[in-house]
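> Once you've had a glance at the structure underneath, I'll fire off some questions.
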Amino acid sequence: MKRTINILISLIMVAGMVSCNDGGGKQKGKRGGQGGLASNAAERVYVAPGEHDEMYAFMSGGFSGQLGVYGLPSGRLLKVLPVFSQNPENGWGYTEETKPMLNTSFGFVPWDDSHHPDISQTNGVLDGRWVFINGNNTPRIARIDLKNFKTEEIIEIPHSAGNHSSSFITENTEYVVAGTRFSVPIPQKDMSIKDYKGNFKGSLTFIKVDPETGHMDIKFQLMMPGFNYDLSHPGRDKSHGWFFFTTYNTEEAHSLLEVNASQNDKDFIAAINWKKIEEYVNNGGGTTVPAKYAHNILDENTHTATSTMKTEVLQVNPMEVPGAVYFLPTPKSPHGCDVDPTGEYIVGNGKLSADLTVHSFTKMLDAIENKKFDGEAYGIPILNFEDILAGVVKQPGLGPLHTEFDDKGNAYTTFFISSEVVKWKVGTWEVIDRQPVFYSVGHGMIPGGNSRKPFGKYFVALNKITKDRYLPTGPELTQSAQLFDITGEKMELLLDFPTIGEPHYAAGIPAEMVAPNSRKIYKLAENKHPYASVSDSDTKVVREGKEVHVYMNMIRSHFNPDNIEGIKVGDKVFFHVTNHEQDFDVPHGFAVIGANNAEMLIVPGATETLVWEPKQVGVWPFYCSDFCSALHQEMQGYIRVSPADSNIELSWSLGED
Ligand code: RUQ
Ligand code: CUA
């Protein structure tokens with residue numbers, strides 16, 4: 001057995017290399033290599049100057065921790081939206097207002113690894129209100145508001161480790177779901193790693209989303225056996241009320257997983273009847289246990305985040321809710337777990353399996369009803385593989401990872417090892433088309449592909465390896481995405497475009513569902529920031545011991561005040577800066593010499609705060625860091641710093657000699 005596995009693993013590595021080299025030889029990037037075809041593709045991705053893209057694509061920033069906003073079909077990067085990582089470009093995680101967003105039970109964590117964006121839905125259709133995305137490393141889920149294009153909420157997930165089978169939402173955004181990749185001792189404790197088996201647990205967390213505000217609150221955590229929970233997707237339409245998670249390492253190995261977690265012929269897809277568990281919990285079921293996790297919310301009126309540490313969570317043991325959890329045997333270390341738009345088919349993308357396995361939801365219900373079980377694992381019934389099988393796609397490729405769906409009953413599966421996308425027919429399981437990708441694709445994305453209503457015009461391949469696709473930039477290249485037109489029988493490659501970080505998953509949506517709601521300014525009159533200087537008469541400088549608060553505002557092209565004296569070495573100066581512009585796309589920046597921090601960018605009507613601790617006596621400049629008018633270079637000021645024991649009075653002014 002071990003030998004077979006080793007051979008398999010070498011095969012995987014060789015196949016990976018070959019596919020890259022192969023394509024590389026053929027496709028070496030010269031300009032205009034594809035002649036007429038290329039110009040036809042160019043027309044279809046060309047967005048003329050001044051025109052807008054047809055769709056938004058929200059692409060995970062992977063190990064950058066952020067979310068990239070792209071336009072399709074152009075592949076243009078429109079914005080890097082900071083989520084889990086500090087972002088000096090706009091001060092996210094550096095300003096006093098946004099620092100609490102990155103607070104966790106481990107303290108301030110300025111980075112994460114973001115994987116799976118998912119757009120909110122109503123009745124199974126994208127509604128364009130919010131995007132959710134998971135932080136994989138220090139388990140967190142973020143909610144990004146698509147009116148403000150801002151991360152407005154982050155909730156930490158306790159009892160989780162490697163928050164990977166996340167953040168997928170149910171079809172009315174009732175829940176955003178977060179599953180642990182690694183099983184761990186719950187509660188955490190000091191114990192021998194060798195005692196993993198039977199003792200570690202995996203938590204699947206169901207977070208309730210408030211339908212009005214979007215606010216998240218953990219409803220319950222399901223305590224599952226100590227497997228790895230890799231990916232998940234909600235049931236939809238007929239299977240709404242269920243959630244499906246792929247597992248691997250059902251061997252419960254704790255070392256050399258590439259071999260030891262590849263022993264079992266089949267792992268499981270866990271089918272969770274969350275409606276049943278919700279009912280159980282609503283009737284007082286479950287056990288409240290201690291937990292420590294941060295819940296961070298950014299208020300759009302005060303422009304300020306608060307972080308609250310929560311202290312308990314409700315846990316549910318699947319044994320307490322009979323009929324809520326089943327295991328569907330699935331070959332072989334499945335990665336992606338994908339549900340088709342009708343909700344009938346559940347695809348298990350077995351990484352090491354020759355065929356692609358598709359389960360039937362109807363057959364699953366039937367097998368459950370007739371109690372056709374094939375044993376159990378930790379008390380959870382295992383269904384019989386044959387009883388629930390809808391079909392298999394025979395030898396479609398090597399190393400399937402993820403499957404997306406269009407609006408015409410087709411599925412598109414990505415194959416990492418054979419580096420291709422394979423289109424097949426749902427129901428007949430026949431392969432219709434295959435196209436190479438460059439190289440080694442992970443997820444694919446069809447806008448709305450994770451809903452009842454996909455917008456099946458484009459498929460975006462999110463590739464793991466770039467190699468020779470772009471000009472070399474040293475040993476590390478940016479990741480690469482490829483856009484396919486999928487309106488015809490055959491997929492057509494239209495475009496390569498670079499992405500930030502590693503784009504694990506992405507979520508796309510027609511622009512008209514988001515763009516009209518996009519905020520242009522914050523109304524100054526609605527600014528409730530406690531340190532805002534909404535009118536010029538509010539500007540002042542206030543000393544509280546060694547802390548000095550500067551109430552400053554800005555408008556093209558000056559700061560008010562722009563001369564400040566009476567600051568001393570050892571002070572901690574808070575620049576609370578309000579942008580008085582009420583005009584679209586006129587942010588101002590604020591930067592001050594020697595700040596052990598970033599600049600900050602203040603959008604029209606908002607207030608942000610930068611802390612500066614002057615270390616040297618002198619007269620120091622500050623300036624606007626965003627070119628805002630013909631007199632941008634004049635947008636500057638001075639702050640005088642005197643010795644710690646000086647008795648210069650605080651004073652501030654604008655336009656005085
Ligand atoms: S992963 S390449 Cu979603 Cu993080 Cu599959
Ligand atoms: Cu304000 Cu430049």
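Going by the structure tokens order, chains are called A, B, ..., each with residues numbered from 1, while ligands are numbered from 1 in the order shown.
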Pick out the residues sitting within 6 Å of segment 78-95 of chain A, and hand them over as a list in words; count only C-alpha atoms, and ignore anything fewer than 5 positions along from it in its own chain.

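Final neighbour list, sorted by chain and number: Gly65, Gln66, Leu67, Gly68, Val69, Tyr70, Pro110, Trp111, Asp112, Thr151, Ala598, Glu599, Met600, Leu601, Thr609 and Leu610 of chain A.
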
> Please identify the residues whose atoms come within 9 Å of ligand 2, using only C-alpha atoms and all ligand atoms, and report them as an MDAnalysis selection string.

chainID A and resid 554:559 586:590 623:636

> Step by step, measure atom-to-atom distances between ligand 1 and each residue using only C-alpha atoms and all ligand atoms, keep those at most 10 Å, then write them as an NGL selection string.

:A and (60 or 62 or 113-117 or 134 or 136 or 163-166 or 230-232 or 335-337 or 400-402 or 414-416 or 440-444 or 462-464 or 502-506)

> Using N, CA and C atoms, can you export the residues from the last selection as an mmCIF file, in the first residue's frame?


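The file below, part22.cif, is the result:
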```cif
data_model
loop_
_atom_site.group_PDB
_atom_site.id
_atom_site.type_symbol
_atom_site.label_atom_id
_atom_site.label_comp_id
_atom_site.auth_asym_id
_atom_site.auth_seq_id
_atom_site.Cartn_x
_atom_site.Cartn_y
_atom_site.Cartn_z
ATOM 1 N N SER A 60 -9.797 36.215 -3.790
ATOM 2 C CA SER A 60 -9.084 36.156 -2.518
ATOM 3 C C SER A 60 -7.636 36.568 -2.752
ATOM 4 N N GLY A 62 -5.279 35.443 -0.992
ATOM 5 C CA GLY A 62 -4.416 34.375 -0.498
ATOM 6 C C GLY A 62 -3.546 34.852 0.641
ATOM 7 N N ASP A 113 -4.352 34.613 5.967
ATOM 8 C CA ASP A 113 -4.277 33.886 4.706
ATOM 9 C C ASP A 113 -5.737 33.736 4.277
ATOM 10 N N SER A 114 -6.161 34.530 3.299
ATOM 11 C CA SER A 114 -7.594 34.557 2.976
ATOM 12 C C SER A 114 -7.873 33.660 1.773
ATOM 13 N N HIS A 115 -8.945 32.887 1.836
ATOM 14 C CA HIS A 115 -9.163 31.866 0.805
ATOM 15 C C HIS A 115 -10.452 31.976 -0.008
ATOM 16 N N HIS A 116 -11.602 32.044 0.653
ATOM 17 C CA HIS A 116 -12.841 31.787 -0.084
ATOM 18 C C HIS A 116 -13.873 32.898 0.078
ATOM 19 N N PRO A 117 -13.897 33.845 -0.848
ATOM 20 C CA PRO A 117 -14.950 34.847 -0.796
ATOM 21 C C PRO A 117 -16.281 34.251 -1.259
ATOM 22 N N ASN A 134 -12.807 34.099 4.550
ATOM 23 C CA ASN A 134 -12.202 33.494 5.741
ATOM 24 C C ASN A 134 -10.733 33.862 5.881
ATOM 25 N N ASN A 136 -7.584 32.026 7.277
ATOM 26 C CA ASN A 136 -7.303 30.606 7.457
ATOM 27 C C ASN A 136 -6.418 30.357 8.673
ATOM 28 N N ASN A 163 -8.796 27.617 9.425
ATOM 29 C CA ASN A 163 -10.221 27.831 9.127
ATOM 30 C C ASN A 163 -10.428 27.757 7.610
ATOM 31 N N HIS A 164 -10.397 26.545 7.064
ATOM 32 C CA HIS A 164 -10.331 26.417 5.602
ATOM 33 C C HIS A 164 -11.658 26.094 4.927
ATOM 34 N N SER A 165 -12.499 25.268 5.540
ATOM 35 C CA SER A 165 -13.759 24.901 4.854
ATOM 36 C C SER A 165 -14.783 26.013 5.090
ATOM 37 N N SER A 166 -14.392 27.223 4.745
ATOM 38 C CA SER A 166 -15.087 28.445 5.083
ATOM 39 C C SER A 166 -14.873 29.395 3.911
ATOM 40 N N ASP A 230 -11.984 19.929 4.778
ATOM 41 C CA ASP A 230 -11.242 20.678 3.768
ATOM 42 C C ASP A 230 -12.056 21.791 3.135
ATOM 43 N N LEU A 231 -13.184 21.436 2.547
ATOM 44 C CA LEU A 231 -14.019 22.461 1.923
ATOM 45 C C LEU A 231 -15.472 22.153 2.204
ATOM 46 N N SER A 232 -16.324 23.075 1.864
ATOM 47 C CA SER A 232 -17.739 22.852 2.153
ATOM 48 C C SER A 232 -18.580 23.642 1.165
ATOM 49 N N HIS A 335 -11.031 17.085 -2.123
ATOM 50 C CA HIS A 335 -10.730 18.493 -1.795
ATOM 51 C C HIS A 335 -12.048 19.278 -1.906
ATOM 52 N N GLY A 336 -12.366 19.790 -3.088
ATOM 53 C CA GLY A 336 -13.580 20.587 -3.223
ATOM 54 C C GLY A 336 -14.840 19.776 -2.987
ATOM 55 N N CYS A 337 -15.856 20.455 -2.475
ATOM 56 C CA CYS A 337 -17.154 19.846 -2.209
ATOM 57 C C CYS A 337 -18.171 20.789 -2.841
ATOM 58 N N PRO A 400 -8.323 16.227 -9.480
ATOM 59 C CA PRO A 400 -9.422 17.186 -9.469
ATOM 60 C C PRO A 400 -9.452 17.972 -8.162
ATOM 61 N N LEU A 401 -9.708 19.268 -8.256
ATOM 62 C CA LEU A 401 -9.759 20.070 -7.031
ATOM 63 C C LEU A 401 -11.136 20.688 -6.807
ATOM 64 N N HIS A 402 -11.675 21.340 -7.832
ATOM 65 C CA HIS A 402 -12.924 22.075 -7.603
ATOM 66 C C HIS A 402 -13.811 22.013 -8.839
ATOM 67 N N THR A 414 -11.674 21.584 -12.220
ATOM 68 C CA THR A 414 -10.266 21.944 -12.384
ATOM 69 C C THR A 414 -9.393 20.756 -11.996
ATOM 70 N N PHE A 415 -8.334 20.541 -12.762
ATOM 71 C CA PHE A 415 -7.406 19.440 -12.486
ATOM 72 C C PHE A 415 -6.017 20.011 -12.303
ATOM 73 N N PHE A 416 -5.539 19.900 -11.099
ATOM 74 C CA PHE A 416 -4.245 20.484 -10.754
ATOM 75 C C PHE A 416 -3.116 19.762 -11.471
ATOM 76 N N SER A 440 -1.481 24.493 -13.550
ATOM 77 C CA SER A 440 -1.894 23.875 -12.294
ATOM 78 C C SER A 440 -2.964 24.701 -11.583
ATOM 79 N N VAL A 441 -4.145 24.565 -12.107
ATOM 80 C CA VAL A 441 -5.263 25.366 -11.626
ATOM 81 C C VAL A 441 -5.753 24.859 -10.273
ATOM 82 N N GLY A 442 -6.166 25.808 -9.420
ATOM 83 C CA GLY A 442 -6.778 25.458 -8.134
ATOM 84 C C GLY A 442 -8.286 25.557 -8.288
ATOM 85 N N HIS A 443 -8.840 26.657 -7.790
ATOM 86 C CA HIS A 443 -10.270 26.873 -7.984
ATOM 87 C C HIS A 443 -10.551 27.395 -9.393
ATOM 88 N N GLY A 444 -11.807 27.242 -9.800
ATOM 89 C CA GLY A 444 -12.323 27.969 -10.938
ATOM 90 C C GLY A 444 -13.474 28.821 -10.433
ATOM 91 N N LEU A 462 -8.138 29.939 -11.650
ATOM 92 C CA LEU A 462 -7.273 30.576 -10.663
ATOM 93 C C LEU A 462 -6.069 29.658 -10.469
ATOM 94 N N ASN A 463 -4.984 30.025 -11.112
ATOM 95 C CA ASN A 463 -3.856 29.105 -11.236
ATOM 96 C C ASN A 463 -2.860 29.268 -10.103
ATOM 97 N N LYS A 464 -2.188 28.160 -9.814
ATOM 98 C CA LYS A 464 -1.235 28.155 -8.707
ATOM 99 C C LYS A 464 0.179 28.469 -9.174
ATOM 100 N N GLU A 502 -2.292 34.678 -3.534
ATOM 101 C CA GLU A 502 -2.709 33.476 -4.236
ATOM 102 C C GLU A 502 -4.227 33.470 -4.302
ATOM 103 N N PRO A 503 -4.778 33.548 -5.509
ATOM 104 C CA PRO A 503 -6.227 33.604 -5.574
ATOM 105 C C PRO A 503 -6.796 32.207 -5.360
ATOM 106 N N HIS A 504 -7.180 31.893 -4.160
ATOM 107 C CA HIS A 504 -7.764 30.573 -3.937
ATOM 108 C C HIS A 504 -9.085 30.526 -4.677
ATOM 109 N N TYR A 505 -10.072 31.156 -4.077
ATOM 110 C CA TYR A 505 -11.377 31.162 -4.708
ATOM 111 C C TYR A 505 -11.704 32.605 -5.076
ATOM 112 N N ALA A 506 -12.775 32.773 -5.812
ATOM 113 C CA ALA A 506 -13.225 34.097 -6.182
ATOM 114 C C ALA A 506 -14.745 34.051 -6.245
#
```

> Out of A:Arg44, A:Arg640, A:Arg519, A:His159, which residue has the shortest atom-to-atom distance to Asp585 of chain A when counting only C-alpha atoms?

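Smallest distance to Asp585 of chain A is found for A:Arg519.
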
> Ranking A:Val184, A:Val421, A:Ala532, A:Val313 by minimum distance to Lys490 of chain A and counting only C-alpha atoms, which one comes first?

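Residue with the minimum atom-to-atom distance to Lys490 of chain A: A:Val421.
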
> Could you name the residues that touch Asp355 of chain A at 6 Å or less, counting only C-alpha atoms, but leaving out those on the same chain fewer than 4 positions away, as a short mmCIF file (atom, residue, chain, number, x, y, z; two decimals) with N, CA, C and O atoms, in the first residue's frame?


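Writing done, so here's result-v6.cif:
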```
data_model
loop_
_atom_site.label_atom_id
_atom_site.label_comp_id
_atom_site.auth_asym_id
_atom_site.auth_seq_id
_atom_site.Cartn_x
_atom_site.Cartn_y
_atom_site.Cartn_z
N VAL A 393 -17.83 10.72 -13.31
CA VAL A 393 -17.23 11.18 -14.55
C VAL A 393 -15.96 10.34 -14.67
O VAL A 393 -15.07 10.39 -13.82
N LYS A 394 -15.91 9.53 -15.74
CA LYS A 394 -14.85 8.52 -15.87
C LYS A 394 -13.55 9.17 -16.32
O LYS A 394 -13.50 9.81 -17.37
N GLN A 395 -12.53 8.99 -15.50
CA GLN A 395 -11.16 9.41 -15.84
C GLN A 395 -11.09 10.76 -16.56
O GLN A 395 -10.53 10.86 -17.64
#
```

> Taking into account only C-alpha atoms, which residue in the set A:Val619, A:Ile368, A:Leu222, A:Ile446 is nearest to Asp407 of chain A?

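Of A:Val619, A:Ile368, A:Leu222, A:Ile446, the one nearest Asp407 of chain A is A:Ile446, counting only C-alpha atoms.
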
> I'd like the interatomic distance between atom CA of Phe106 of chain A and atom CA of Tyr248 of chain A, to a tenth of an Å.

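Spanning atom CA of Phe106 of chain A to atom CA of Tyr248 of chain A is a straight-line distance of 28.0 Å.
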
> Could you state the separation of atom CA of Glu476 of chain A and atom CA of Asp496 of chain A in Å, given to one decimal place?

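Here the two named atoms are 17.4 Å from each other.
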
> For Lys423 of chain A, please output as an mmCIF file with all heavy atoms, in the first residue's frame all residues within 8 Å (counting only C-alpha atoms; exclusion window: fewer than 2 positions along the same chain).


```
data_model
loop_
_atom_site.group_PDB
_atom_site.id
_atom_site.type_symbol
_atom_site.label_atom_id
_atom_site.label_comp_id
_atom_site.auth_asym_id
_atom_site.auth_seq_id
_atom_site.Cartn_x
_atom_site.Cartn_y
_atom_site.Cartn_z
ATOM 1 N N ASN A 410 -24.072 22.391 -17.171
ATOM 2 C CA ASN A 410 -22.708 21.887 -17.314
ATOM 3 C C ASN A 410 -21.900 22.161 -16.057
ATOM 4 O O ASN A 410 -22.170 23.123 -15.333
ATOM 5 C CB ASN A 410 -22.003 22.568 -18.493
ATOM 6 C CG ASN A 410 -22.739 22.329 -19.787
ATOM 7 O OD1 ASN A 410 -22.964 21.191 -20.182
ATOM 8 N ND2 ASN A 410 -23.154 23.412 -20.443
ATOM 9 N N ALA A 411 -20.918 21.303 -15.870
ATOM 10 C CA ALA A 411 -19.993 21.489 -14.754
ATOM 11 C C ALA A 411 -18.596 21.644 -15.324
ATOM 12 O O ALA A 411 -18.294 21.157 -16.418
ATOM 13 C CB ALA A 411 -20.061 20.289 -13.826
ATOM 14 N N TYR A 412 -17.744 22.332 -14.567
ATOM 15 C CA TYR A 412 -16.368 22.610 -14.984
ATOM 16 C C TYR A 412 -15.470 22.246 -13.822
ATOM 17 O O TYR A 412 -15.518 22.891 -12.780
ATOM 18 C CB TYR A 412 -16.198 24.096 -15.332
ATOM 19 C CG TYR A 412 -17.123 24.555 -16.440
ATOM 20 C CD1 TYR A 412 -18.481 24.762 -16.195
ATOM 21 C CD2 TYR A 412 -16.647 24.769 -17.724
ATOM 22 C CE1 TYR A 412 -19.339 25.161 -17.214
ATOM 23 C CE2 TYR A 412 -17.492 25.173 -18.745
ATOM 24 C CZ TYR A 412 -18.835 25.364 -18.483
ATOM 25 O OH TYR A 412 -19.684 25.759 -19.492
ATOM 26 N N THR A 413 -14.671 21.212 -14.030
ATOM 27 C CA THR A 413 -13.812 20.759 -12.941
ATOM 28 C C THR A 413 -12.366 21.114 -13.259
ATOM 29 O O THR A 413 -11.909 20.960 -14.395
ATOM 30 C CB THR A 413 -13.969 19.243 -12.731
ATOM 31 O OG1 THR A 413 -15.336 18.979 -12.431
ATOM 32 C CG2 THR A 413 -13.104 18.748 -11.584
ATOM 33 N N VAL A 421 -8.933 22.353 -17.428
ATOM 34 C CA VAL A 421 -10.318 22.491 -17.000
ATOM 35 C C VAL A 421 -11.137 21.568 -17.885
ATOM 36 O O VAL A 421 -10.976 21.590 -19.107
ATOM 37 C CB VAL A 421 -10.830 23.935 -17.162
ATOM 38 C CG1 VAL A 421 -12.281 24.039 -16.700
ATOM 39 C CG2 VAL A 421 -9.966 24.895 -16.395
ATOM 40 N N LYS A 425 -21.160 17.158 -18.576
ATOM 41 C CA LYS A 425 -22.602 17.356 -18.501
ATOM 42 C C LYS A 425 -23.114 16.763 -17.193
ATOM 43 O O LYS A 425 -22.879 15.593 -16.898
ATOM 44 C CB LYS A 425 -23.245 16.631 -19.696
ATOM 45 C CG LYS A 425 -24.698 16.918 -19.863
ATOM 46 C CD LYS A 425 -24.921 17.894 -21.019
ATOM 47 C CE LYS A 425 -26.140 18.764 -20.746
ATOM 48 N NZ LYS A 425 -25.943 20.177 -21.022
ATOM 49 N N VAL A 431 -17.870 13.835 -20.740
ATOM 50 C CA VAL A 431 -16.942 14.948 -20.909
ATOM 51 C C VAL A 431 -17.231 15.628 -22.240
ATOM 52 O O VAL A 431 -17.352 14.974 -23.267
ATOM 53 C CB VAL A 431 -15.480 14.441 -20.849
ATOM 54 C CG1 VAL A 431 -14.510 15.545 -21.257
ATOM 55 C CG2 VAL A 431 -15.164 13.947 -19.442
ATOM 56 N N ILE A 432 -17.363 16.947 -22.206
ATOM 57 C CA ILE A 432 -17.712 17.692 -23.417
ATOM 58 C C ILE A 432 -16.501 18.404 -24.007
ATOM 59 O O ILE A 432 -16.361 18.531 -25.210
ATOM 60 C CB ILE A 432 -18.809 18.730 -23.092
ATOM 61 C CG1 ILE A 432 -20.066 18.004 -22.607
ATOM 62 C CG2 ILE A 432 -19.124 19.601 -24.286
ATOM 63 C CD1 ILE A 432 -21.102 18.934 -22.041
ATOM 64 N N ASP A 433 -15.658 18.894 -23.117
ATOM 65 C CA ASP A 433 -14.519 19.673 -23.610
ATOM 66 C C ASP A 433 -13.438 19.695 -22.535
ATOM 67 O O ASP A 433 -13.737 19.516 -21.348
ATOM 68 C CB ASP A 433 -14.981 21.112 -23.913
ATOM 69 C CG ASP A 433 -13.881 21.962 -24.548
ATOM 70 O OD1 ASP A 433 -13.001 21.387 -25.219
ATOM 71 O OD2 ASP A 433 -13.914 23.198 -24.352
ATOM 72 N N ARG A 434 -12.222 19.891 -22.973
ATOM 73 C CA ARG A 434 -11.150 20.115 -22.010
ATOM 74 C C ARG A 434 -10.194 21.149 -22.573
ATOM 75 O O ARG A 434 -9.961 21.203 -23.775
ATOM 76 C CB ARG A 434 -10.428 18.811 -21.664
ATOM 77 C CG ARG A 434 -9.743 18.130 -22.834
ATOM 78 C CD ARG A 434 -8.989 16.883 -22.378
ATOM 79 N NE ARG A 434 -9.889 15.846 -21.925
ATOM 80 C CZ ARG A 434 -9.891 15.307 -20.706
ATOM 81 N NH1 ARG A 434 -9.034 15.733 -19.796
ATOM 82 N NH2 ARG A 434 -10.740 14.354 -20.386
#
```

> Hey, which of A:Asn199, A:Ser105, A:Gln435, A:Thr428 ends up closest to Glu489 of chain A? Count only C-alpha atoms.

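Of A:Asn199, A:Ser105, A:Gln435, A:Thr428, the one nearest Glu489 of chain A is A:Gln435, counting only C-alpha atoms.
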